[in-house]
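K.L.:
Structure incoming, see below.
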Amino acid sequence: GNTQFPSIVVVGGWACGEQAMAAWGPFYASHGIIAMTIGTPAPFKDMPAQRCMALLDAVRALQAENTSPGSVLQGRLKSSCSVQGWSLGGGGAQLAAMADLSLKCVIALCPHPGPPETPGLPGRLSDSVPVLIIAGQNDNVANTQSFAWPEYHSTSAPSLILEVRGGDHAVANGPSGGTTKEGLGMGPGFMCLVANFVLHNCCSITPCPYGTYNGPVGHARPMAPLGAIGGFALAWLKLFLEGDESARSLLLARPDIASGFEMKGIAVRFDKS
């Protein structure tokens, strides 16, 4: 029969179409994981709760392709699913871990709970679905001491936090790393943000004719100094999404790029059931 593959759905943050996370798609696909990158209906308004709903809706839509006649994915999808989000999407991914216990694991990149006037995240987070958090030491949008670290400590499920030395809010926008300057410089990334704003507010759609929001990042960059970002994300999925125990040891050693690194429930096997 046809080989079946696990899957992951990835969402970006404020103002982002699906292009913001585009570099993750081919990276995961090259390792045998079907990846779906998505935007949200109102990228300038959607908070973590809405991004959680978008992730879970996309998971269901993707899984439906497995039984859809004529789909290129018919009969090719395992039931094993994961979600990943950046910034407000990282908050949404953590909510998804609590809303759908069938998820094998989640990844939150530079997670943001939303502004103070919004519901934000609960005081206690996932106690079942494993959570990986990757954050930037110098993130001045989603300060790690205010958000990522408290969220890690509020998660009782197996979890790991990797704080990248010198990283800013865009440090994990692709598996080989990234920077806000790359994402918002006066080039394709900046034009993409402008295009998303104009098209969303004037046309109620959010395509980006200028390419990816954070184009300079991607897994093809040779000898990427921040390649451990993609390496840890992949090892996390190999272990918890695919059940590959050989990946566990890859998560135990602190990488050279870490300014902060902590884990719980990773060193020994964990069964949600």
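By convention in this document, the chains of the structure tokens carry letters A, B, ... by their order, each chain's residues are numbered from 1, and ligands are numbered from 1 in the order they are shown.
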Considering only C-alpha atoms, tabulate each residue of segment 78-144 of chain A that lies at most 9 Å from segment 45-59 of chain A along with its nearest interatomic pair and the corresponding distance in Å to one decimal; arrange the rows by chain and ascending residue number and present them as CSV.
P.N.:
residue,atom,partner,partner_atom,distance
A:Cys81,CA,A:Val59,CA,7.3
A:Ser82,CA,A:Val59,CA,8.2
A:Val83,CA,A:Leu55,CA,6.8
A:Gln84,CA,A:Leu55,CA,8.4
A:Gly85,CA,A:Arg51,CA,8.4
A:Ser87,CA,A:Pro48,CA,8.8
A:Leu88,CA,A:Pro48,CA,5.2
A:Gly89,CA,A:Arg51,CA,5.7
A:Gly90,CA,A:Pro48,CA,7.5
A:Gly91,CA,A:Pro48,CA,5.0
A:Gly92,CA,A:Pro48,CA,4.0
A:Ala93,CA,A:Cys52,CA,5.8
A:Gln94,CA,A:Cys52,CA,7.9
A:Leu95,CA,A:Cys52,CA,6.0
A:Ala96,CA,A:Cys52,CA,5.2
A:Ala97,CA,A:Cys52,CA,8.9
A:Ala99,CA,A:Cys52,CA,8.4
A:Asp100,CA,A:Leu56,CA,7.8
A:His112,CA,A:Pro48,CA,8.0
A:Pro113,CA,A:Pro48,CA,6.4
A:Gly114,CA,A:Met47,CA,6.1
A:Pro115,CA,A:Met47,CA,8.8
A:Thr118,CA,A:Met47,CA,7.8
A:Pro119,CA,A:Ala49,CA,8.4
A:Gly120,CA,A:Pro48,CA,7.1
A:Leu121,CA,A:Pro48,CA,7.9
K.L.:
Excluding Pro130 of chain A and its own-chain neighbours fewer than 2 positions away, which residues fall within 9 Å of it when counting only C-alpha atoms? Please give them as a PDB file with N, CA, C and O atoms, in the first residue's frame.
P.N.:
ATOM      1  N   ALA A  97      -3.216  22.742  22.397  1.00  0.00           N
ATOM      2  CA  ALA A  97      -2.759  21.586  23.170  1.00  0.00           C
ATOM      3  C   ALA A  97      -3.740  21.229  24.272  1.00  0.00           C
ATOM      4  O   ALA A  97      -3.821  20.075  24.694  1.00  0.00           O
ATOM      5  N   LEU A 103      -3.934  15.697  19.711  1.00  0.00           N
ATOM      6  CA  LEU A 103      -2.681  16.182  19.150  1.00  0.00           C
ATOM      7  C   LEU A 103      -1.517  15.464  19.823  1.00  0.00           C
ATOM      8  O   LEU A 103      -1.505  15.282  21.035  1.00  0.00           O
ATOM      9  N   LYS A 104      -0.534  15.097  19.032  1.00  0.00           N
ATOM     10  CA  LYS A 104       0.617  14.387  19.582  1.00  0.00           C
ATOM     11  C   LYS A 104       1.574  15.323  20.306  1.00  0.00           C
ATOM     12  O   LYS A 104       2.232  14.933  21.281  1.00  0.00           O
ATOM     13  N   CYS A 105       1.685  16.563  19.831  1.00  0.00           N
ATOM     14  CA  CYS A 105       2.568  17.548  20.449  1.00  0.00           C
ATOM     15  C   CYS A 105       2.320  18.890  19.784  1.00  0.00           C
ATOM     16  O   CYS A 105       1.652  18.968  18.751  1.00  0.00           O
ATOM     17  N   VAL A 106       2.863  19.959  20.370  1.00  0.00           N
ATOM     18  CA  VAL A 106       2.788  21.282  19.754  1.00  0.00           C
ATOM     19  C   VAL A 106       4.146  21.973  19.873  1.00  0.00           C
ATOM     20  O   VAL A 106       4.973  21.615  20.710  1.00  0.00           O
ATOM     21  N   ILE A 107       4.328  22.970  19.009  1.00  0.00           N
ATOM     22  CA  ILE A 107       5.531  23.807  19.035  1.00  0.00           C
ATOM     23  C   ILE A 107       5.091  25.257  19.061  1.00  0.00           C
ATOM     24  O   ILE A 107       4.300  25.692  18.204  1.00  0.00           O
ATOM     25  N   SER A 126      -0.898  23.184  29.181  1.00  0.00           N
ATOM     26  CA  SER A 126      -1.069  21.759  28.873  1.00  0.00           C
ATOM     27  C   SER A 126      -0.563  20.837  29.989  1.00  0.00           C
ATOM     28  O   SER A 126       0.552  20.996  30.480  1.00  0.00           O
ATOM     29  N   ASP A 127      -1.398  19.872  30.349  1.00  0.00           N
ATOM     30  CA  ASP A 127      -0.958  18.839  31.292  1.00  0.00           C
ATOM     31  C   ASP A 127      -0.889  17.477  30.614  1.00  0.00           C
ATOM     32  O   ASP A 127      -0.685  16.464  31.282  1.00  0.00           O
ATOM     33  N   SER A 128      -1.041  17.464  29.293  1.00  0.00           N
ATOM     34  CA  SER A 128      -1.063  16.190  28.583  1.00  0.00           C
ATOM     35  C   SER A 128      -0.261  16.228  27.294  1.00  0.00           C
ATOM     36  O   SER A 128       0.617  15.403  27.074  1.00  0.00           O
ATOM     37  N   LEU A 132       6.898  22.195  22.991  1.00  0.00           N
ATOM     38  CA  LEU A 132       8.234  22.757  22.779  1.00  0.00           C
ATOM     39  C   LEU A 132       8.096  24.252  22.580  1.00  0.00           C
ATOM     40  O   LEU A 132       7.292  24.704  21.750  1.00  0.00           O
ATOM     41  N   THR A 155       3.282  24.729  32.263  1.00  0.00           N
ATOM     42  CA  THR A 155       2.980  23.519  31.502  1.00  0.00           C
ATOM     43  C   THR A 155       3.469  22.306  32.281  1.00  0.00           C
ATOM     44  O   THR A 155       4.661  22.186  32.556  1.00  0.00           O
ATOM     45  N   SER A 156       2.554  21.420  32.630  1.00  0.00           N
ATOM     46  CA  SER A 156       2.953  20.240  33.393  1.00  0.00           C
ATOM     47  C   SER A 156       3.192  19.027  32.505  1.00  0.00           C
ATOM     48  O   SER A 156       3.749  18.026  32.956  1.00  0.00           O
ATOM     49  N   ALA A 157       2.767  19.096  31.245  1.00  0.00           N
ATOM     50  CA  ALA A 157       3.075  18.029  30.296  1.00  0.00           C
ATOM     51  C   ALA A 157       4.569  18.062  29.987  1.00  0.00           C
ATOM     52  O   ALA A 157       5.267  19.040  30.298  1.00  0.00           O
ATOM     53  N   PRO A 158       5.112  16.990  29.392  1.00  0.00           N
ATOM     54  CA  PRO A 158       6.511  17.051  28.965  1.00  0.00           C
ATOM     55  C   PRO A 158       6.750  18.301  28.123  1.00  0.00           C
ATOM     56  O   PRO A 158       5.980  18.600  27.203  1.00  0.00           O
ATOM     57  N   SER A 159       7.788  19.034  28.450  1.00  0.00           N
ATOM     58  CA  SER A 159       8.010  20.313  27.772  1.00  0.00           C
ATOM     59  C   SER A 159       9.487  20.668  27.782  1.00  0.00           C
ATOM     60  O   SER A 159      10.251  20.189  28.618  1.00  0.00           O
ATOM     61  N   LEU A 160       9.841  21.516  26.838  1.00  0.00           N
ATOM     62  CA  LEU A 160      11.229  21.960  26.699  1.00  0.00           C
ATOM     63  C   LEU A 160      11.205  23.391  26.213  1.00  0.00           C
ATOM     64  O   LEU A 160      10.401  23.746  25.351  1.00  0.00           O
ATOM     65  N   PHE A 240       7.723  12.843  19.466  1.00  0.00           N
ATOM     66  CA  PHE A 240       6.346  12.841  19.952  1.00  0.00           C
ATOM     67  C   PHE A 240       5.306  12.660  18.854  1.00  0.00           C
ATOM     68  O   PHE A 240       4.237  12.099  19.111  1.00  0.00           O
ATOM     69  N   GLY A 265      10.191  16.032  31.911  1.00  0.00           N
ATOM     70  CA  GLY A 265       9.469  14.906  31.353  1.00  0.00           C
ATOM     71  C   GLY A 265       9.998  14.400  30.032  1.00  0.00           C
ATOM     72  O   GLY A 265       9.294  13.665  29.328  1.00  0.00           O
TER      73      GLY A 265
END
K.L.:
Closest to Ala233 of chain A among A:Gly39, A:Leu250, A:Thr180, A:Ser154, using only C-alpha atoms?
P.N.:
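Under the stated criterion, the closest residue is A:Leu250.
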K.L.:
Looking at A:Trp14, A:Trp24, A:Trp86, A:Phe5, which one is nearest to Pro43 of chain A, with distances taken over only C-alpha atoms?
P.N.:
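Of all the options, A:Trp14 lies closest to Pro43 of chain A.
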K.L.:
Just list the residues in segment 23-193 of chain A DSSP gives helix (DSSP H, G or I) on the backbone, as a ChimeraX atom specification.
P.N.:
/A:24-29,48-67,88-99,148-153,180-184,188-193
K.L.:
Might you pull out every residue within 9 Å of Val164 of chain A, with only C-alpha atoms counted and same-chain residues fewer than 2 positions away left off, and present them as a ChimeraX atom specification?
P.N.:
/A:134-138,162,166-168,171,226,229,257-261
K.L.:
Generate a file of the selected residues that holds all heavy atoms, formatted as a JSON list (two decimals), in the first residue's frame.
P.N.:
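Result file follows (result31.json):
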[["chain", "number", "residue", "atom", "x", "y", "z"],
["A", 134, "ILE", "N", 10.34, 27.66, 21.61],
["A", 134, "ILE", "CA", 11.59, 28.25, 21.14],
["A", 134, "ILE", "C", 11.41, 29.76, 21.16],
["A", 134, "ILE", "O", 10.44, 30.28, 20.59],
["A", 134, "ILE", "CB", 11.95, 27.76, 19.72],
["A", 134, "ILE", "CG1", 12.10, 26.23, 19.70],
["A", 134, "ILE", "CG2", 13.24, 28.43, 19.24],
["A", 134, "ILE", "CD1", 12.40, 25.65, 18.32],
["A", 135, "ALA", "N", 12.31, 30.46, 21.82],
["A", 135, "ALA", "CA", 12.16, 31.90, 22.02],
["A", 135, "ALA", "C", 13.49, 32.60, 21.83],
["A", 135, "ALA", "O", 14.55, 31.97, 21.77],
["A", 135, "ALA", "CB", 11.62, 32.18, 23.43],
["A", 136, "GLY", "N", 13.45, 33.92, 21.71],
["A", 136, "GLY", "CA", 14.65, 34.72, 21.52],
["A", 136, "GLY", "C", 15.02, 35.51, 22.76],
["A", 136, "GLY", "O", 14.17, 36.14, 23.38],
["A", 137, "GLN", "N", 16.27, 35.48, 23.12],
["A", 137, "GLN", "CA", 16.75, 36.16, 24.33],
["A", 137, "GLN", "C", 16.44, 37.64, 24.30],
["A", 137, "GLN", "O", 16.09, 38.25, 25.33],
["A", 137, "GLN", "CB", 18.26, 35.95, 24.47],
["A", 137, "GLN", "CG", 18.89, 36.62, 25.68],
["A", 137, "GLN", "CD", 20.41, 36.54, 25.66],
["A", 137, "GLN", "OE1", 21.02, 36.44, 24.59],
["A", 137, "GLN", "NE2", 21.02, 36.56, 26.84],
["A", 138, "ASN", "N", 16.55, 38.27, 23.12],
["A", 138, "ASN", "CA", 16.37, 39.72, 23.01],
["A", 138, "ASN", "C", 15.06, 40.08, 22.33],
["A", 138, "ASN", "O", 14.95, 41.12, 21.68],
["A", 138, "ASN", "CB", 17.54, 40.32, 22.23],
["A", 138, "ASN", "CG", 18.86, 40.17, 22.95],
["A", 138, "ASN", "OD1", 18.89, 40.02, 24.19],
["A", 138, "ASN", "ND2", 19.96, 40.18, 22.22],
["A", 162, "LEU", "N", 13.81, 26.35, 24.66],
["A", 162, "LEU", "CA", 15.11, 26.73, 24.10],
["A", 162, "LEU", "C", 15.08, 28.23, 23.86],
["A", 162, "LEU", "O", 14.34, 28.71, 23.01],
["A", 162, "LEU", "CB", 15.38, 25.98, 22.79],
["A", 162, "LEU", "CG", 16.52, 26.49, 21.91],
["A", 162, "LEU", "CD1", 17.85, 26.47, 22.66],
["A", 162, "LEU", "CD2", 16.61, 25.66, 20.63],
["A", 166, "GLY", "N", 20.75, 36.00, 21.83],
["A", 166, "GLY", "CA", 20.73, 37.14, 20.92],
["A", 166, "GLY", "C", 19.54, 37.18, 20.00],
["A", 166, "GLY", "O", 19.39, 38.12, 19.22],
["A", 167, "GLY", "N", 18.66, 36.18, 20.06],
["A", 167, "GLY", "CA", 17.53, 36.11, 19.13],
["A", 167, "GLY", "C", 16.47, 37.14, 19.41],
["A", 167, "GLY", "O", 16.20, 37.49, 20.56],
["A", 168, "ASP", "N", 15.84, 37.64, 18.33],
["A", 168, "ASP", "CA", 14.74, 38.59, 18.49],
["A", 168, "ASP", "C", 13.42, 37.88, 18.19],
["A", 168, "ASP", "O", 13.34, 36.66, 18.19],
["A", 168, "ASP", "CB", 14.95, 39.84, 17.64],
["A", 168, "ASP", "CG", 14.99, 39.55, 16.14],
["A", 168, "ASP", "OD1", 14.49, 38.50, 15.70],
["A", 168, "ASP", "OD2", 15.53, 40.40, 15.38],
["A", 171, "VAL", "N", 13.35, 35.09, 15.47],
["A", 171, "VAL", "CA", 14.47, 34.15, 15.49],
["A", 171, "VAL", "C", 14.09, 32.76, 14.98],
["A", 171, "VAL", "O", 14.93, 32.04, 14.46],
["A", 171, "VAL", "CB", 15.08, 34.06, 16.90],
["A", 171, "VAL", "CG1", 14.13, 33.34, 17.86],
["A", 171, "VAL", "CG2", 16.44, 33.37, 16.87],
["A", 226, "LEU", "N", 22.18, 29.03, 13.12],
["A", 226, "LEU", "CA", 21.07, 28.75, 14.03],
["A", 226, "LEU", "C", 20.31, 27.50, 13.61],
["A", 226, "LEU", "O", 19.13, 27.34, 13.89],
["A", 226, "LEU", "CB", 20.12, 29.96, 14.07],
["A", 226, "LEU", "CG", 20.73, 31.27, 14.59],
["A", 226, "LEU", "CD1", 19.69, 32.38, 14.59],
["A", 226, "LEU", "CD2", 21.30, 31.09, 16.00],
["A", 229, "ILE", "N", 17.74, 25.36, 15.66],
["A", 229, "ILE", "CA", 16.31, 25.66, 15.79],
["A", 229, "ILE", "C", 15.50, 24.62, 15.02],
["A", 229, "ILE", "O", 14.59, 23.99, 15.56],
["A", 229, "ILE", "CB", 16.02, 27.08, 15.28],
["A", 229, "ILE", "CG1", 16.64, 28.11, 16.24],
["A", 229, "ILE", "CG2", 14.52, 27.32, 15.12],
["A", 229, "ILE", "CD1", 16.59, 29.53, 15.73],
["A", 257, "ILE", "N", 23.78, 27.44, 20.89],
["A", 257, "ILE", "CA", 23.09, 28.71, 20.64],
["A", 257, "ILE", "C", 22.19, 29.12, 21.80],
["A", 257, "ILE", "O", 21.59, 30.20, 21.76],
["A", 257, "ILE", "CB", 22.26, 28.66, 19.35],
["A", 257, "ILE", "CG1", 21.12, 27.64, 19.48],
["A", 257, "ILE", "CG2", 23.13, 28.36, 18.14],
["A", 257, "ILE", "CD1", 20.11, 27.69, 18.34],
["A", 258, "ALA", "N", 22.10, 28.30, 22.83],
["A", 258, "ALA", "CA", 21.14, 28.55, 23.91],
["A", 258, "ALA", "C", 21.67, 29.54, 24.93],
["A", 258, "ALA", "O", 22.78, 29.40, 25.44],
["A", 258, "ALA", "CB", 20.77, 27.25, 24.60],
["A", 259, "SER", "N", 20.85, 30.56, 25.24],
["A", 259, "SER", "CA", 21.11, 31.41, 26.40],
["A", 259, "SER", "C", 20.31, 30.90, 27.59],
["A", 259, "SER", "O", 20.59, 31.24, 28.74],
["A", 259, "SER", "CB", 20.72, 32.86, 26.10],
["A", 259, "SER", "OG", 19.38, 32.95, 25.65],
["A", 260, "GLY", "N", 19.29, 30.10, 27.32],
["A", 260, "GLY", "CA", 18.51, 29.45, 28.35],
["A", 260, "GLY", "C", 17.99, 28.13, 27.81],
["A", 260, "GLY", "O", 17.66, 28.03, 26.62],
["A", 261, "PHE", "N", 17.96, 27.11, 28.66],
["A", 261, "PHE", "CA", 17.58, 25.78, 28.19],
["A", 261, "PHE", "C", 17.11, 24.97, 29.39],
["A", 261, "PHE", "O", 17.81, 24.87, 30.39],
["A", 261, "PHE", "CB", 18.78, 25.11, 27.53],
["A", 261, "PHE", "CG", 18.51, 23.76, 26.93],
["A", 261, "PHE", "CD1", 17.77, 23.64, 25.76],
["A", 261, "PHE", "CD2", 19.01, 22.61, 27.52],
["A", 261, "PHE", "CE1", 17.54, 22.39, 25.20],
["A", 261, "PHE", "CE2", 18.78, 21.36, 26.97],
["A", 261, "PHE", "CZ", 18.03, 21.25, 25.80]]
K.L.:
List as a list in words the protein and nucleic acid residues near Asp244 of chain A, meaning an atom at most 12 Å away when only C-alpha atoms are counted, but skip any in the same chain fewer than 5 places from it.
P.N.:
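After dropping sequence-adjacent residues, the list is Leu234, Ala235, Trp236, Leu237, Lys238, Leu239, Ser249, Leu250 and Arg269 of chain A.
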K.L.:
Output the selection as a PDB file, in the first residue's frame - all heavy atoms for each residue.
P.N.:
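Output (out-v7.pdb):
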ATOM      1  N   LEU A 234      12.537  19.480  14.667  1.00  0.00           N
ATOM      2  CA  LEU A 234      12.410  18.190  13.989  1.00  0.00           C
ATOM      3  C   LEU A 234      12.532  17.033  14.978  1.00  0.00           C
ATOM      4  O   LEU A 234      11.748  16.069  14.920  1.00  0.00           O
ATOM      5  CB  LEU A 234      13.461  18.073  12.896  1.00  0.00           C
ATOM      6  CG  LEU A 234      13.417  16.783  12.079  1.00  0.00           C
ATOM      7  CD1 LEU A 234      12.090  16.659  11.337  1.00  0.00           C
ATOM      8  CD2 LEU A 234      14.592  16.731  11.112  1.00  0.00           C
ATOM      9  N   ALA A 235      13.496  17.101  15.892  1.00  0.00           N
ATOM     10  CA  ALA A 235      13.655  16.037  16.880  1.00  0.00           C
ATOM     11  C   ALA A 235      12.410  15.913  17.749  1.00  0.00           C
ATOM     12  O   ALA A 235      11.993  14.800  18.112  1.00  0.00           O
ATOM     13  CB  ALA A 235      14.892  16.302  17.744  1.00  0.00           C
ATOM     14  N   TRP A 236      11.802  17.062  18.092  1.00  0.00           N
ATOM     15  CA  TRP A 236      10.569  17.064  18.882  1.00  0.00           C
ATOM     16  C   TRP A 236       9.457  16.301  18.156  1.00  0.00           C
ATOM     17  O   TRP A 236       8.762  15.462  18.744  1.00  0.00           O
ATOM     18  CB  TRP A 236      10.141  18.497  19.149  1.00  0.00           C
ATOM     19  CG  TRP A 236       9.038  18.659  20.139  1.00  0.00           C
ATOM     20  CD1 TRP A 236       7.715  18.892  19.878  1.00  0.00           C
ATOM     21  CD2 TRP A 236       9.158  18.608  21.565  1.00  0.00           C
ATOM     22  NE1 TRP A 236       7.006  18.994  21.048  1.00  0.00           N
ATOM     23  CE2 TRP A 236       7.862  18.825  22.091  1.00  0.00           C
ATOM     24  CE3 TRP A 236      10.222  18.411  22.438  1.00  0.00           C
ATOM     25  CZ2 TRP A 236       7.616  18.844  23.461  1.00  0.00           C
ATOM     26  CZ3 TRP A 236       9.977  18.424  23.802  1.00  0.00           C
ATOM     27  CH2 TRP A 236       8.690  18.644  24.304  1.00  0.00           C
ATOM     28  N   LEU A 237       9.320  16.584  16.869  1.00  0.00           N
ATOM     29  CA  LEU A 237       8.287  15.913  16.077  1.00  0.00           C
ATOM     30  C   LEU A 237       8.615  14.439  15.870  1.00  0.00           C
ATOM     31  O   LEU A 237       7.720  13.585  15.887  1.00  0.00           O
ATOM     32  CB  LEU A 237       8.111  16.613  14.733  1.00  0.00           C
ATOM     33  CG  LEU A 237       7.591  18.047  14.793  1.00  0.00           C
ATOM     34  CD1 LEU A 237       7.439  18.616  13.382  1.00  0.00           C
ATOM     35  CD2 LEU A 237       6.260  18.130  15.531  1.00  0.00           C
ATOM     36  N   LYS A 238       9.881  14.137  15.653  1.00  0.00           N
ATOM     37  CA  LYS A 238      10.264  12.742  15.480  1.00  0.00           C
ATOM     38  C   LYS A 238       9.912  11.932  16.727  1.00  0.00           C
ATOM     39  O   LYS A 238       9.407  10.811  16.639  1.00  0.00           O
ATOM     40  CB  LYS A 238      11.762  12.629  15.185  1.00  0.00           C
ATOM     41  CG  LYS A 238      12.175  13.123  13.807  1.00  0.00           C
ATOM     42  CD  LYS A 238      11.628  12.235  12.701  1.00  0.00           C
ATOM     43  CE  LYS A 238      12.086  12.679  11.335  1.00  0.00           C
ATOM     44  NZ  LYS A 238      11.504  11.830  10.259  1.00  0.00           N
ATOM     45  N   LEU A 239      10.167  12.507  17.894  1.00  0.00           N
ATOM     46  CA  LEU A 239       9.906  11.786  19.139  1.00  0.00           C
ATOM     47  C   LEU A 239       8.413  11.686  19.437  1.00  0.00           C
ATOM     48  O   LEU A 239       7.882  10.592  19.639  1.00  0.00           O
ATOM     49  CB  LEU A 239      10.629  12.474  20.298  1.00  0.00           C
ATOM     50  CG  LEU A 239      10.383  11.867  21.689  1.00  0.00           C
ATOM     51  CD1 LEU A 239      10.804  10.403  21.741  1.00  0.00           C
ATOM     52  CD2 LEU A 239      11.111  12.676  22.767  1.00  0.00           C
ATOM     53  N   SER A 249      17.418  11.364  22.569  1.00  0.00           N
ATOM     54  CA  SER A 249      18.757  11.804  22.980  1.00  0.00           C
ATOM     55  C   SER A 249      19.142  13.128  22.337  1.00  0.00           C
ATOM     56  O   SER A 249      19.950  13.885  22.881  1.00  0.00           O
ATOM     57  CB  SER A 249      19.793  10.735  22.629  1.00  0.00           C
ATOM     58  OG  SER A 249      19.831  10.519  21.226  1.00  0.00           O
ATOM     59  N   LEU A 250      18.550  13.442  21.174  1.00  0.00           N
ATOM     60  CA  LEU A 250      18.870  14.689  20.482  1.00  0.00           C
ATOM     61  C   LEU A 250      18.330  15.907  21.220  1.00  0.00           C
ATOM     62  O   LEU A 250      18.786  17.028  20.994  1.00  0.00           O
ATOM     63  CB  LEU A 250      18.303  14.663  19.058  1.00  0.00           C
ATOM     64  CG  LEU A 250      18.791  13.527  18.156  1.00  0.00           C
ATOM     65  CD1 LEU A 250      18.076  13.572  16.812  1.00  0.00           C
ATOM     66  CD2 LEU A 250      20.304  13.606  17.977  1.00  0.00           C
ATOM     67  N   ARG A 269      10.483   8.022  28.970  1.00  0.00           N
ATOM     68  CA  ARG A 269       9.311   7.874  28.112  1.00  0.00           C
ATOM     69  C   ARG A 269       8.050   8.329  28.839  1.00  0.00           C
ATOM     70  O   ARG A 269       7.865   8.072  30.027  1.00  0.00           O
ATOM     71  CB  ARG A 269       9.178   6.420  27.673  1.00  0.00           C
ATOM     72  CG  ARG A 269       8.068   6.189  26.643  1.00  0.00           C
ATOM     73  CD  ARG A 269       7.932   4.704  26.335  1.00  0.00           C
ATOM     74  NE  ARG A 269       6.855   4.489  25.411  1.00  0.00           N
ATOM     75  CZ  ARG A 269       7.015   4.351  24.103  1.00  0.00           C
ATOM     76  NH1 ARG A 269       8.235   4.391  23.587  1.00  0.00           N
ATOM     77  NH2 ARG A 269       5.999   4.153  23.296  1.00  0.00           N
TER      78      ARG A 269
END
K.L.:
What is the distance between atom CA of Arg76 of chain A and atom CA of Asn2 of chain A, in Å to one decimal?
P.N.:
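That distance, rounded to one decimal, is 6.4 Å.
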K.L.:
Atom CA of Pro175 of chain A to atom CA of Ala23 of chain A: how many Å, to one decimal?
P.N.:
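According to the coordinates, atom CA of Pro175 of chain A and atom CA of Ala23 of chain A are separated by 7.1 Å.
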K.L.:
Nearest to Ala228 of chain A among A:Pro255, A:Gly243, A:Pro111, A:Gly13, with distances taken over only C-alpha atoms: which residue is it?
P.N.:
A:Pro255
K.L.:
Apply DSSP to the structure's backbone, then extract all residues of segment 30-166 of chain A labelled strand (DSSP E) and return them as number ranges by chain.
P.N.:
A: 34-38, 77-86, 105-109, 131-136, 159-164
K.L.:
Separation of atom CA of Ser146 of chain A and atom CA of Ala15 of chain A, in Å?
P.N.:
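It comes out at 22.0 Å.
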